[in-house]
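S.K.: Got input-v7.cif for you, mmCIF, C-alpha atoms:
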data_model
#
loop_
_atom_site.label_atom_id
_atom_site.label_comp_id
_atom_site.auth_asym_id
_atom_site.auth_seq_id
_atom_site.Cartn_x
_atom_site.Cartn_y
_atom_site.Cartn_z
CA MET A 1 -35.60 -12.42 -8.24
CA LYS A 2 -33.42 -13.44 -5.32
CA VAL A 3 -30.92 -14.98 -7.73
CA ILE A 4 -30.63 -11.72 -9.69
CA TYR A 5 -30.24 -9.78 -6.46
CA PHE A 6 -27.51 -12.16 -5.27
CA ALA A 7 -25.74 -12.11 -8.63
CA THR A 8 -25.75 -8.32 -8.67
CA ILE A 9 -24.13 -8.20 -5.24
CA VAL A 10 -21.47 -10.72 -6.32
CA VAL A 11 -20.68 -8.75 -9.49
CA LEU A 12 -20.47 -5.49 -7.55
CA PHE A 13 -18.18 -7.13 -4.99
CA LEU A 14 -15.91 -8.53 -7.73
CA CYS A 15 -15.78 -5.14 -9.46
CA PHE A 16 -14.93 -3.47 -6.18
CA SER A 17 -12.19 -6.03 -5.49
CA ALA A 18 -10.77 -5.73 -9.01
CA CYS A 19 -10.69 -1.95 -8.80
CA HIS A 20 -8.56 -2.11 -5.68
CA LYS A 21 -6.36 -5.05 -6.61
CA ASP A 22 -3.51 -2.88 -7.84
CA ASP A 23 -3.49 -0.40 -4.97
CA VAL A 24 -0.12 -0.18 -3.31
CA LEU A 25 -0.50 -1.21 0.33
CA VAL A 26 2.19 0.40 2.43
CA THR A 27 3.44 -1.60 5.41
CA GLU A 28 2.62 0.06 8.72
CA ASP A 29 5.29 0.73 11.34
CA LYS A 30 8.10 -0.25 8.98
CA ARG A 31 10.87 1.55 7.09
CA MET A 32 13.83 0.36 5.04
CA ALA A 33 17.18 2.15 5.07
CA VAL A 34 19.27 2.11 1.88
CA PHE A 35 23.05 2.40 2.00
CA ALA A 36 25.56 2.46 -0.85
CA THR A 37 28.62 4.23 -2.21
CA LEU A 38 28.21 5.48 -5.77
CA LEU A 39 31.26 5.43 -8.05
CA ASP A 40 31.91 5.76 -11.76
CA SER A 41 33.86 3.17 -13.76
CA ASN A 42 37.14 4.81 -12.70
CA ASN A 43 36.21 4.58 -9.01
CA VAL A 44 35.58 8.31 -8.78
CA ALA A 45 32.81 9.16 -6.31
CA LEU A 46 29.60 10.41 -7.91
CA GLN A 47 27.80 13.16 -6.03
CA ASP A 48 24.30 14.63 -6.52
CA LEU A 49 22.95 11.73 -8.54
CA ALA A 50 19.32 10.80 -7.93
CA VAL A 51 18.49 7.55 -6.10
CA ASN A 52 15.03 6.24 -5.32
CA VAL A 53 13.08 3.14 -4.35
CA THR A 54 10.03 2.17 -6.41
CA THR A 55 7.53 -0.66 -6.04
CA LYS A 56 8.46 -2.67 -9.14
CA VAL A 57 9.87 -2.41 -12.66
CA GLY A 58 7.36 -0.48 -14.74
CA GLU A 59 5.97 1.44 -11.76
CA GLU A 60 8.46 4.29 -11.85
CA ASN A 61 5.97 6.77 -10.40
CA ASN A 62 5.38 4.70 -7.27
CA VAL A 63 8.30 6.22 -5.40
CA LEU A 64 8.60 4.82 -1.88
CA GLY A 65 11.68 6.86 -0.98
CA ALA A 66 14.16 9.17 -2.70
CA SER A 67 17.45 10.93 -2.15
CA HIS A 68 20.68 12.03 -3.85
CA SER A 69 24.22 10.78 -3.44
CA LYS A 70 26.24 12.94 -1.08
CA ALA A 71 29.96 13.72 -0.71
CA LEU A 72 32.22 10.74 -1.44
CA GLY A 73 29.28 9.17 -3.28
CA LYS A 74 27.54 8.18 -0.03
CA VAL A 75 23.92 7.10 -0.34
CA ASP A 76 21.96 6.90 2.90
CA PHE A 77 18.20 7.34 2.98
CA VAL A 78 14.97 5.85 4.25
CA SER A 79 12.16 4.35 2.22
CA LEU A 80 8.67 3.09 2.84
CA VAL A 81 7.94 -0.53 1.93
CA ALA A 82 4.76 -2.10 0.58
CA TYR A 83 3.65 -5.60 1.49
CA ASN A 84 1.94 -6.25 -1.85
CA ARG A 85 4.89 -5.10 -3.90
CA GLY A 86 8.62 -5.74 -4.18
CA ILE A 87 11.29 -3.08 -4.19
CA VAL A 88 13.46 -1.62 -6.92
CA VAL A 89 16.41 0.54 -5.86
CA ASN A 90 17.15 2.84 -8.78
CA PHE A 91 20.37 4.79 -9.23
CA ASN A 92 20.16 7.74 -11.62
CA PRO A 93 16.65 6.67 -12.75
CA LEU A 94 15.33 7.97 -16.06
CA SER A 95 12.04 8.92 -14.40
CA SER A 96 13.75 11.31 -11.99
CA GLY A 97 13.68 15.00 -12.79
CA ASP A 98 17.35 15.03 -11.80
CA HIS A 99 18.42 12.22 -14.14
CA ASN A 100 21.97 12.78 -15.39
CA PRO A 101 22.13 11.70 -19.06
CA ASN A 102 25.91 11.37 -18.92
CA PHE A 103 25.65 8.23 -16.77
CA MET A 104 23.81 4.95 -17.05
CA SER A 105 20.86 4.01 -14.85
CA LEU A 106 21.14 0.98 -12.61
CA SER A 107 18.29 -0.77 -10.80
CA TYR A 108 18.49 -3.45 -8.12
CA VAL A 109 15.32 -5.53 -8.26
CA ASP A 110 13.66 -7.64 -5.56
CA PRO A 111 10.16 -8.63 -6.68
CA ARG A 112 9.27 -10.56 -3.51
CA GLU A 113 6.05 -9.43 -1.84
CA PHE A 114 5.99 -9.98 1.91
CA MET A 115 5.36 -8.22 5.19
CA ASP A 116 8.64 -8.80 7.01
CA ARG A 117 11.01 -7.10 4.60
CA GLU A 118 14.49 -6.45 5.94
CA GLU A 119 15.02 -3.08 7.64
CA SER A 120 18.05 -2.13 5.56
CA VAL A 121 19.65 -2.80 2.19
CA ASN A 122 23.39 -2.27 1.96
CA LEU A 123 24.55 -2.34 -1.66
CA ASP A 124 28.13 -1.44 -0.79
CA LEU A 125 29.84 -0.18 -3.98
CA VAL A 126 27.59 0.71 -6.88
CA LYS A 127 29.26 1.59 -10.17
CA LEU A 128 27.62 3.70 -12.85
CA ASN A 129 29.42 3.78 -16.16
CA PRO A 130 29.45 7.00 -18.19
CA ILE A 131 27.42 7.01 -21.39
CA GLN A 132 29.08 7.58 -24.73
CA ASP A 133 27.73 8.22 -28.23
CA VAL A 134 28.94 5.57 -30.66
CA ASP A 135 28.39 5.74 -34.43
CA ILE A 136 28.46 2.33 -36.08
CA SER A 137 28.82 2.00 -39.84
CA ILE A 138 28.87 -1.31 -41.70
CA ASP A 139 29.52 -1.42 -45.41
CA ARG A 140 29.20 -4.28 -47.87
CA LEU A 141 32.31 -4.76 -49.97
CA PRO A 142 31.77 -4.86 -53.74
CA GLU A 143 32.85 -8.50 -53.86
CA THR A 144 30.29 -9.50 -51.20
CA ASP A 145 26.82 -10.47 -52.31
CA SER A 146 25.11 -10.23 -48.91
CA VAL A 147 25.82 -9.59 -45.26
CA GLU A 148 23.45 -10.40 -42.43
CA PHE A 149 24.42 -9.11 -39.01
CA ARG A 150 23.15 -8.61 -35.49
CA ILE A 151 24.57 -5.88 -33.27
CA GLN A 152 24.15 -6.81 -29.62
CA TYR A 153 24.77 -3.99 -27.16
CA TYR A 154 24.12 -3.13 -23.52
CA ASN A 155 21.29 -0.74 -22.66
CA THR A 156 21.84 2.48 -20.76
CA THR A 157 19.50 1.11 -18.08
CA GLN A 158 20.72 -2.05 -16.40
CA PHE A 159 19.00 -4.39 -13.92
CA ILE A 160 20.59 -6.51 -11.20
CA SER A 161 18.62 -8.99 -9.10
CA LEU A 162 18.77 -8.66 -5.32
CA ASP A 163 17.53 -12.24 -5.06
CA GLU A 164 19.29 -13.95 -7.93
CA GLU A 165 18.67 -17.47 -6.63
CA ASN A 166 14.88 -17.24 -6.57
CA ASN A 167 14.33 -14.39 -8.97
CA PRO A 168 16.95 -14.39 -11.73
CA ILE A 169 17.20 -11.20 -13.68
CA GLY A 170 16.74 -12.92 -17.03
CA LYS A 171 13.31 -11.52 -17.64
CA TYR A 172 14.66 -7.97 -17.50
CA GLN A 173 16.46 -7.07 -20.71
CA ASN A 174 19.91 -5.66 -20.13
CA THR A 175 20.84 -5.95 -23.82
CA SER A 176 19.25 -4.98 -27.12
CA ASN A 177 19.83 -6.09 -30.68
CA THR A 178 19.81 -4.52 -34.10
CA TYR A 179 19.22 -6.89 -37.05
CA GLU A 180 20.10 -5.87 -40.62
CA ARG A 181 20.81 -7.40 -44.03
CA LEU A 182 22.93 -5.75 -46.69
CA ASP A 183 22.63 -6.88 -50.28
CA GLU A 184 22.43 -5.42 -53.75
CA GLU A 185 19.59 -3.18 -52.65
CA THR A 186 21.30 -1.92 -49.48
CA ALA A 187 25.01 -1.29 -49.52
CA SER A 188 25.58 0.17 -46.10
CA PHE A 189 24.22 0.54 -42.60
CA GLN A 190 24.73 3.43 -40.21
CA ASN A 191 23.29 4.14 -36.78
CA SER A 192 24.11 6.05 -33.60
CA TYR A 193 23.92 4.50 -30.17
CA ARG A 194 24.25 5.73 -26.60
CA LEU A 195 26.17 3.01 -24.79
CA PRO A 196 27.77 2.50 -21.38
CA VAL A 197 31.54 2.99 -21.46
CA GLY A 198 33.26 -0.34 -20.88
CA SER A 199 30.38 -2.40 -22.20
CA PRO A 200 30.95 -4.80 -25.11
CA ILE A 201 29.37 -4.45 -28.53
CA LYS A 202 29.09 -7.88 -30.08
CA ILE A 203 28.55 -8.07 -33.82
CA LEU A 204 27.49 -11.47 -35.18
CA TYR A 205 27.58 -11.60 -38.95
CA THR A 206 27.10 -13.94 -41.87
CA VAL A 207 28.76 -13.17 -45.22
CA ASN A 208 27.24 -14.70 -48.33
CA ASP A 209 25.12 -17.01 -46.18
CA GLU A 210 28.21 -18.78 -44.85
CA ALA A 211 28.87 -19.73 -41.22
CA GLU A 212 28.21 -17.07 -38.59
CA LYS A 213 31.19 -15.23 -37.16
CA ASP A 214 31.40 -12.58 -34.50
CA THR A 215 33.57 -9.76 -33.31
CA THR A 216 33.44 -7.83 -30.04
CA ILE A 217 34.41 -4.22 -29.48
CA THR A 218 34.50 -2.59 -26.07
CA VAL A 219 33.09 0.90 -25.81
CA ASN A 220 35.70 3.45 -24.81
CA SER A 221 36.62 7.03 -25.60
CA ALA A 222 38.87 5.90 -28.46
CA ASN A 223 36.13 4.21 -30.46
CA SER A 224 33.21 6.59 -30.70
CA ILE A 225 33.15 5.81 -34.44
CA ILE A 226 33.19 2.18 -35.56
CA ASP A 227 33.49 1.45 -39.28
CA LEU A 228 33.32 -2.15 -40.45
CA GLU A 229 33.37 -3.67 -43.92
CA PHE A 230 32.39 -7.22 -44.84
CA MET B 1 -54.29 20.09 57.45
CA LYS B 2 -52.57 22.32 59.96
CA LYS B 3 -50.52 19.37 61.16
CA LEU B 4 -49.45 18.66 57.59
CA LEU B 5 -48.36 22.25 57.00
CA LEU B 6 -46.41 22.20 60.25
CA LEU B 7 -44.68 18.97 59.22
CA VAL B 8 -43.68 20.44 55.86
CA PHE B 9 -42.35 23.56 57.56
CA ILE B 10 -40.28 21.53 60.01
CA LEU B 11 -38.93 19.33 57.22
CA SER B 12 -37.95 22.29 55.09
CA ILE B 13 -36.06 23.84 57.99
CA SER B 14 -34.32 20.50 58.61
CA VAL B 15 -33.31 20.14 54.94
CA GLY B 16 -32.10 23.75 54.89
CA ASN B 17 -29.97 23.10 57.94
CA ALA B 18 -28.61 19.90 56.41
CA GLN B 19 -27.61 21.74 53.21
CA THR B 20 -25.90 24.43 55.20
CA GLU B 21 -23.89 21.79 56.99
CA ILE B 22 -22.36 20.24 53.80
CA ILE B 23 -21.06 23.52 52.31
CA PRO B 24 -17.29 23.23 52.47
CA GLU B 25 -15.07 26.02 53.62
CA PRO B 26 -14.50 28.60 50.86
CA HIS B 27 -11.20 28.11 49.02
CA LYS B 28 -8.99 30.70 47.38
CA ASN B 29 -9.34 28.87 44.09
CA TRP B 30 -13.09 29.48 43.99
CA TYR B 31 -14.16 32.54 42.03
CA GLU B 32 -17.24 32.91 44.21
CA PRO B 33 -16.75 31.78 47.84
CA GLU B 34 -20.11 30.06 47.94
CA ASP B 35 -19.60 28.14 44.67
CA PRO B 36 -16.98 25.39 44.62
CA GLU B 37 -15.24 24.90 41.31
CA THR B 38 -16.27 21.56 39.90
CA VAL B 39 -15.44 21.20 36.23
CA PHE B 40 -14.14 23.27 33.35
CA PHE B 41 -13.99 22.71 29.62
CA GLY B 42 -11.13 24.00 27.51
CA LEU B 43 -10.93 24.65 23.78
CA SER B 44 -7.57 25.82 22.50
CA PHE B 45 -5.54 26.40 19.39
CA TYR B 46 -1.92 25.40 19.45
CA PHE B 47 1.16 25.51 17.25
CA PRO B 48 3.28 22.34 17.33
CA ASN B 49 7.06 22.66 17.07
CA GLY B 50 9.60 19.87 16.80
CA ILE B 51 12.63 20.71 18.93
CA GLY B 52 14.81 17.64 18.51
CA ASP B 53 16.92 16.01 15.82
CA SER B 54 14.18 13.69 14.61
CA SER B 55 11.90 13.29 11.63
CA LEU B 56 9.14 15.33 13.29
CA GLY B 57 11.68 17.99 14.19
CA ASN B 58 13.43 18.20 10.83
CA ASP B 59 11.16 16.95 8.08
CA TYR B 60 7.73 18.40 8.85
CA SER B 61 5.99 21.75 8.64
CA PHE B 62 3.09 21.71 11.11
CA ASP B 63 -0.23 23.46 10.83
CA ALA B 64 -2.03 24.89 13.85
CA GLY B 65 -3.98 22.32 15.83
CA ILE B 66 -7.05 22.27 18.03
CA GLN B 67 -7.44 20.69 21.47
CA PHE B 68 -10.51 19.97 23.55
CA GLU B 69 -10.26 19.04 27.19
CA VAL B 70 -12.43 18.45 30.24
CA ASN B 71 -10.99 18.86 33.74
CA VAL B 72 -12.71 17.89 36.96
CA PHE B 73 -11.67 19.22 40.38
CA ILE B 74 -10.92 16.25 42.62
CA THR B 75 -10.01 18.66 45.39
CA PRO B 76 -10.05 22.49 45.24
CA GLN B 77 -6.50 22.33 43.86
CA PHE B 78 -6.11 19.06 42.01
CA VAL B 79 -7.80 18.25 38.71
CA ALA B 80 -8.12 15.14 36.58
CA GLY B 81 -8.85 15.50 32.91
CA VAL B 82 -9.26 13.95 29.50
CA TYR B 83 -8.26 15.59 26.27
CA GLY B 84 -8.19 15.14 22.51
CA LYS B 85 -6.01 17.09 20.10
CA TRP B 86 -5.63 17.12 16.35
CA HIS B 87 -3.21 18.75 13.91
CA GLU B 88 -1.71 18.15 10.48
CA GLY B 89 1.83 18.28 9.19
CA GLU B 90 3.21 18.49 5.64
CA VAL B 91 6.41 16.60 4.91
CA THR B 92 9.12 18.96 3.67
CA ASN B 93 11.86 16.38 3.10
CA ILE B 94 11.15 12.72 2.40
CA GLU B 95 14.79 11.61 2.46
CA LYS B 96 14.78 10.20 5.98
CA ILE B 97 11.15 9.13 6.39
CA GLY B 98 9.96 7.84 3.01
CA ASN B 99 7.56 9.29 0.48
CA ILE B 100 4.83 10.62 2.75
CA SER B 101 3.16 13.84 1.64
CA ASP B 102 1.40 14.70 4.89
CA SER B 103 0.30 13.24 8.20
CA ASN B 104 -2.73 13.82 10.39
CA PHE B 105 -1.92 13.60 14.07
CA SER B 106 -4.61 12.74 16.59
CA GLU B 107 -4.09 12.20 20.31
CA TYR B 108 -6.37 11.16 23.15
CA GLY B 109 -5.14 11.17 26.69
CA LEU B 110 -5.53 11.56 30.42
CA SER B 111 -4.03 14.23 32.66
CA LEU B 112 -3.60 15.12 36.29
CA GLY B 113 -3.03 18.72 37.27
CA TYR B 114 -2.52 21.29 39.97
CA TYR B 115 -4.69 24.42 39.73
CA GLN B 116 -3.88 27.55 41.70
CA ALA B 117 -5.54 30.97 41.69
CA ILE B 118 -2.99 33.78 41.92
CA ASN B 119 -5.78 36.25 42.58
CA ARG B 120 -9.41 36.43 41.58
CA GLN B 121 -8.61 36.90 37.90
CA PHE B 122 -5.29 35.16 37.27
CA ASN B 123 -4.57 31.51 37.85
CA TYR B 124 -2.14 28.91 36.69
CA MET B 125 -2.35 25.18 36.14
CA ILE B 126 0.34 22.58 35.68
CA THR B 127 -0.63 19.17 34.36
CA ALA B 128 1.11 15.93 33.48
CA GLY B 129 -0.48 13.79 30.82
CA ILE B 130 -0.15 10.64 28.82
CA GLY B 131 -1.80 10.12 25.46
CA ALA B 132 -2.24 7.62 22.65
CA VAL B 133 -1.11 9.15 19.36
CA THR B 134 -2.10 8.05 15.86
CA LEU B 135 -0.52 9.29 12.63
CA ASN B 136 -2.57 8.90 9.48
CA ASN B 137 0.03 9.16 6.75
CA THR B 138 -0.80 10.00 3.14
CA VAL B 139 1.31 8.49 0.37
CA PRO B 140 0.92 10.29 -3.00
CA PHE B 141 0.22 7.19 -5.10
CA SER B 142 -1.55 5.03 -2.52
CA PRO B 143 -5.22 5.87 -2.05
CA ASP B 144 -5.42 4.53 1.49
CA SER B 145 -3.38 6.22 4.14
CA PHE B 146 -1.42 3.99 6.43
CA ARG B 147 -1.36 4.47 10.17
CA GLU B 148 1.33 4.50 12.80
CA ASN B 149 0.94 4.73 16.55
CA GLY B 150 2.80 6.04 19.52
CA THR B 151 2.59 7.32 23.08
CA SER B 152 2.93 10.90 24.24
CA TYR B 153 4.21 11.99 27.68
CA LYS B 154 3.69 15.63 28.42
CA VAL B 155 3.81 18.45 30.91
CA THR B 156 1.62 21.48 30.34
CA GLY B 157 1.71 24.89 31.95
CA GLU B 158 -1.29 27.20 31.57
CA LEU B 159 -1.79 30.77 32.68
CA GLY B 160 -5.47 31.70 32.88
CA TYR B 161 -7.43 34.90 33.20
CA ARG B 162 -11.06 34.77 34.38
CA PHE B 163 -13.47 37.38 33.10
CA ASN B 164 -16.14 36.13 35.47
CA GLN B 165 -17.15 32.99 37.28
CA THR B 166 -17.75 31.10 34.04
CA ILE B 167 -15.50 32.38 31.26
CA ALA B 168 -11.72 32.44 31.19
CA ILE B 169 -8.97 32.60 28.60
CA PHE B 170 -5.59 30.98 28.90
CA ALA B 171 -2.19 30.66 27.27
CA LYS B 172 -0.27 27.42 27.44
CA VAL B 173 3.07 25.78 26.77
CA SER B 174 3.15 22.02 26.48
CA PRO B 175 6.46 20.25 25.93
CA TYR B 176 6.15 16.54 25.28
CA TYR B 177 8.02 13.42 24.33
CA LEU B 178 6.44 11.30 21.63
CA ASN B 179 7.56 7.71 21.20
CA LEU B 180 6.49 5.99 17.96
CA ASP B 181 6.90 2.30 17.16
CA ILE B 182 8.38 2.27 13.66
CA GLU B 183 10.70 -0.68 13.05
CA ASN B 184 14.09 0.37 11.71
CA ALA B 185 17.24 -0.29 13.66
CA ALA B 186 19.43 2.12 11.66
CA TYR B 187 17.08 5.08 12.17
CA ASP B 188 15.29 4.01 15.35
CA SER B 189 15.96 7.17 17.31
CA TYR B 190 15.37 9.50 14.36
CA LEU B 191 12.03 7.96 13.44
CA ASN B 192 10.65 7.15 16.88
CA LYS B 193 11.91 9.47 19.60
CA HIS B 194 10.57 13.01 19.27
CA PHE B 195 10.63 16.07 21.48
CA LEU B 196 8.02 18.65 20.63
CA VAL B 197 6.37 21.63 22.23
CA ASP B 198 2.89 23.02 21.67
CA VAL B 199 2.36 26.73 22.26
CA GLY B 200 -1.24 27.88 22.27
CA PHE B 201 -4.14 29.82 23.70
CA GLY B 202 -7.74 29.02 24.40
CA LEU B 203 -11.03 29.52 26.13
CA ARG B 204 -12.29 27.88 29.33
CA VAL B 205 -15.85 27.46 30.52
CA HIS B 206 -16.15 26.81 34.28
CA LEU B 207 -19.25 25.12 35.65
CA HIS B 208 -20.29 24.93 39.27
CA ASN B 209 -22.53 22.98 41.57
CA PRO B 210 -25.90 24.71 41.81
CA ASN B 211 -26.00 26.58 45.12
CA GLY B 212 -22.54 25.32 45.99
#
Please express the file's structure as structure tokens.

M.R.:
Amino acid sequence: MKVIYFATIVVLFLCFSACHKDDVLVTEDKRMAVFATLLDSNNVALQDLAVNVTTKVGEENNVLGASHSKALGKVDFVSLVAYNRGIVVNFNPLSSGDHNPNFMSLSYVDPREFMDREESVNLDLVKLNPIQDVDISIDRLPETDSVEFRIQYYNTTQFISLDEENNPIGKYQNTSNTYERLDEETASFQNSYRLPVGSPIKILYTVNDEAEKDTTITVNSANSIIDLEF
Amino acid sequence: MKKLLLLVFILSISVGNAQTEIIPEPHKNWYEPEDPETVFFGLSFYFPNGIGDSSLGNDYSFDAGIQFEVNVFITPQFVAGVYGKWHEGEVTNIEKIGNISDSNFSEYGLSLGYYQAINRQFNYMITAGIGAVTLNNTVPFSPDSFRENGTSYKVTGELGYRFNQTIAIFAKVSPYYLNLDIENAAYDSYLNKHFLVDVGFGLRVHLHNPNG
């Protein structure tokens, strides 16, 4: 009987602990100031864009602090910090009600969890590229039997590590890929993308199962439509 | 038996004389000349206002608070007291303090004051106090509030009106400096150094020594 009683208490304790494991624990008597200057790719100051600090990638609703860029693109606000979470400083975050779809989102990630976090983060110049619609069409020439290709492009949300040495950003995907094969059943491919201006689109292709080749096109206002034939 | 009754009579006269001897001289501050003021309790409502360029001055909307205090007359004019006060504030702008939705303020402190009757009904009191302040902050997505602490230094002026020996009402103004201990060099002054003023009114209950 005593064993059952003891086991019940242990199970209840474990359940209680598990239920509270993910609670965000805010550090007492501590704040972090965030400073930056927000520019577009042409070094024009961006005003009224949302900026916030969240606890980690994937916890966009755990906002520790929030603000908007001011005149001359100045960002200057104060955030809470949590000792069982890292920080993510998000510029123009998708989760914000004030997200501007004409610009990319950029997040600076520091996943370290510790009590003595620095009192300020100065990101200096932060550049947000405009977003552009790009239509990509790839056609198979009549003399080609098959084309296999991979379109590698940069996402509209980018991540940069604040602690690259210990926490490289590799696990966060800054690029995406589209795979496709054209043959006698499929003669052409067409898709629309929203891509950061200035970012490269790399197309790696194999014609008739020969050696892989690649070509790179940079997104700019002159190439909103890309037509390729192999 | 007669001797015993005589002894009791003599003793009672002696005790009566002794009591008469320890009655102090009546003081203007006493509502009834034969009853020295000894202690009074105060219960008041107050409205906090931030008056400086700080987070409590700029980023909060305060609700009315409640204060309870006990003051003891050390002399007919000087009082020593303890107090506790509580109010809540909603955060109106999180930009310079972080994502806090509201804070509960509690304060417990000591005071020393000077009490003076203007006439039988009206009186004023000026006190200086020091208190330990705790903020219980609520974060929208974190179930447990986190706490921050500070020290309050205040001066309070009260104008009272006595209906009788026991009951009085009063109005008060209480400016104070609140120093918190939040670590942030860039915003140290904005987050930690606050000037506020409480404006309020309340009820006092005066108690007296039985038979002076």

S.K.: Can you turn the PyMOL selection byres ((chain B) within 9 of (chain A)) into a concrete residue list for this file, as a list in words?

M.R.: Ile94, Glu95, Lys96, Ile97, Gly98, Asn99, Ile100, Val139, Pro140, Phe141, Ser142, Pro143, Asp144, Ser145, Phe146, Arg147, Glu148, Asn149, Leu180, Asp181, Ile182, Glu183, Asn184, Ala185, Ala186 and Tyr187 of chain B

S.K.: What is the distance between atom CA of B:Asn179 and atom CA of B:Ser152, in Å to one decimal?

M.R.: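 One can read the atom CA of B:Asn179 to atom CA of B:Ser152 distance as 6.4 Å.
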
S.K.: Which is closest to A:Glu184 among A:Ala45, A:Val207, A:Val147, A:Ile217, if we use only C-alpha atoms?

M.R.: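 With only C-alpha atoms as the atom set, the closest residue is A:Val147.
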
S.K.: Could you state which residues are captured by the PyMOL selection byres ((chain A and resi 72) around 9) in this file, as a ChimeraX atom specification?

M.R.: /A:37-39,44-47,69-71,73-74

S.K.: Write the selection just made, keeping C-alpha atoms, as a PDB file, in the frame of the given file?

M.R.:
ATOM      1  CA  THR A  37      28.620   4.230  -2.210  1.00  0.00           C
ATOM      2  CA  LEU A  38      28.210   5.480  -5.770  1.00  0.00           C
ATOM      3  CA  LEU A  39      31.260   5.430  -8.050  1.00  0.00           C
ATOM      4  CA  VAL A  44      35.580   8.310  -8.780  1.00  0.00           C
ATOM      5  CA  ALA A  45      32.810   9.160  -6.310  1.00  0.00           C
ATOM      6  CA  LEU A  46      29.600  10.410  -7.910  1.00  0.00           C
ATOM      7  CA  GLN A  47      27.800  13.160  -6.030  1.00  0.00           C
ATOM      8  CA  SER A  69      24.220  10.780  -3.440  1.00  0.00           C
ATOM      9  CA  LYS A  70      26.240  12.940  -1.080  1.00  0.00           C
ATOM     10  CA  ALA A  71      29.960  13.720  -0.710  1.00  0.00           C
ATOM     11  CA  GLY A  73      29.280   9.170  -3.280  1.00  0.00           C
ATOM     12  CA  LYS A  74      27.540   8.180  -0.030  1.00  0.00           C
TER      13      LYS A  74
END

S.K.: Evaluate the PyMOL selection byres ((chain B and resi 29) around 8) and record the selected residues as a list in words, following the chain and residue labels used in the document.

M.R.: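 Checked against the file, the PyMOL selection byres ((chain B and resi 29) around 8) matches His27, Lys28, Trp30, Tyr31, Glu37, Pro76, Gln77, Tyr115, Gln116, Ala117 and Arg120 of chain B.
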
S.K.: List every protein, DNA or RNA residue that has an atom no more than 10 Å from (31.3, -3.1, -25.0) in the file's coordinate frame, counting only C-alpha atoms, and report them as a list of chain:residue names.

M.R.: A:Gln152, A:Tyr153, A:Tyr154, A:Leu195, A:Pro196, A:Val197, A:Gly198, A:Ser199, A:Pro200, A:Ile201, A:Lys202, A:Thr216, A:Ile217, A:Thr218, A:Val219, A:Asn220

S.K.: Record the distance separating atom CA of B:Tyr46 and atom CA of B:Ile130, expressed in Å with one decimal.

M.R.: 17.6 Å

S.K.: Give me the residues within 10 Å of A:Ser96 as a list in words, counting only C-alpha atoms and dropping any in the same chain fewer than 2 places off.

M.R.: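 Here the qualifying residues turn out to be Leu49, Ala50, Val51, Asn52, Glu60, Asn61, Val63, Ala66, Asn90, Phe91, Asn92, Pro93, Leu94, Asp98, His99 and Asn100 of chain A.
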
S.K.: To one decimal in Å, tell me the separation between atom CA of A:Gln158 and atom CA of A:Val75.

M.R.: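 Those two atoms sit 18.8 Å apart.
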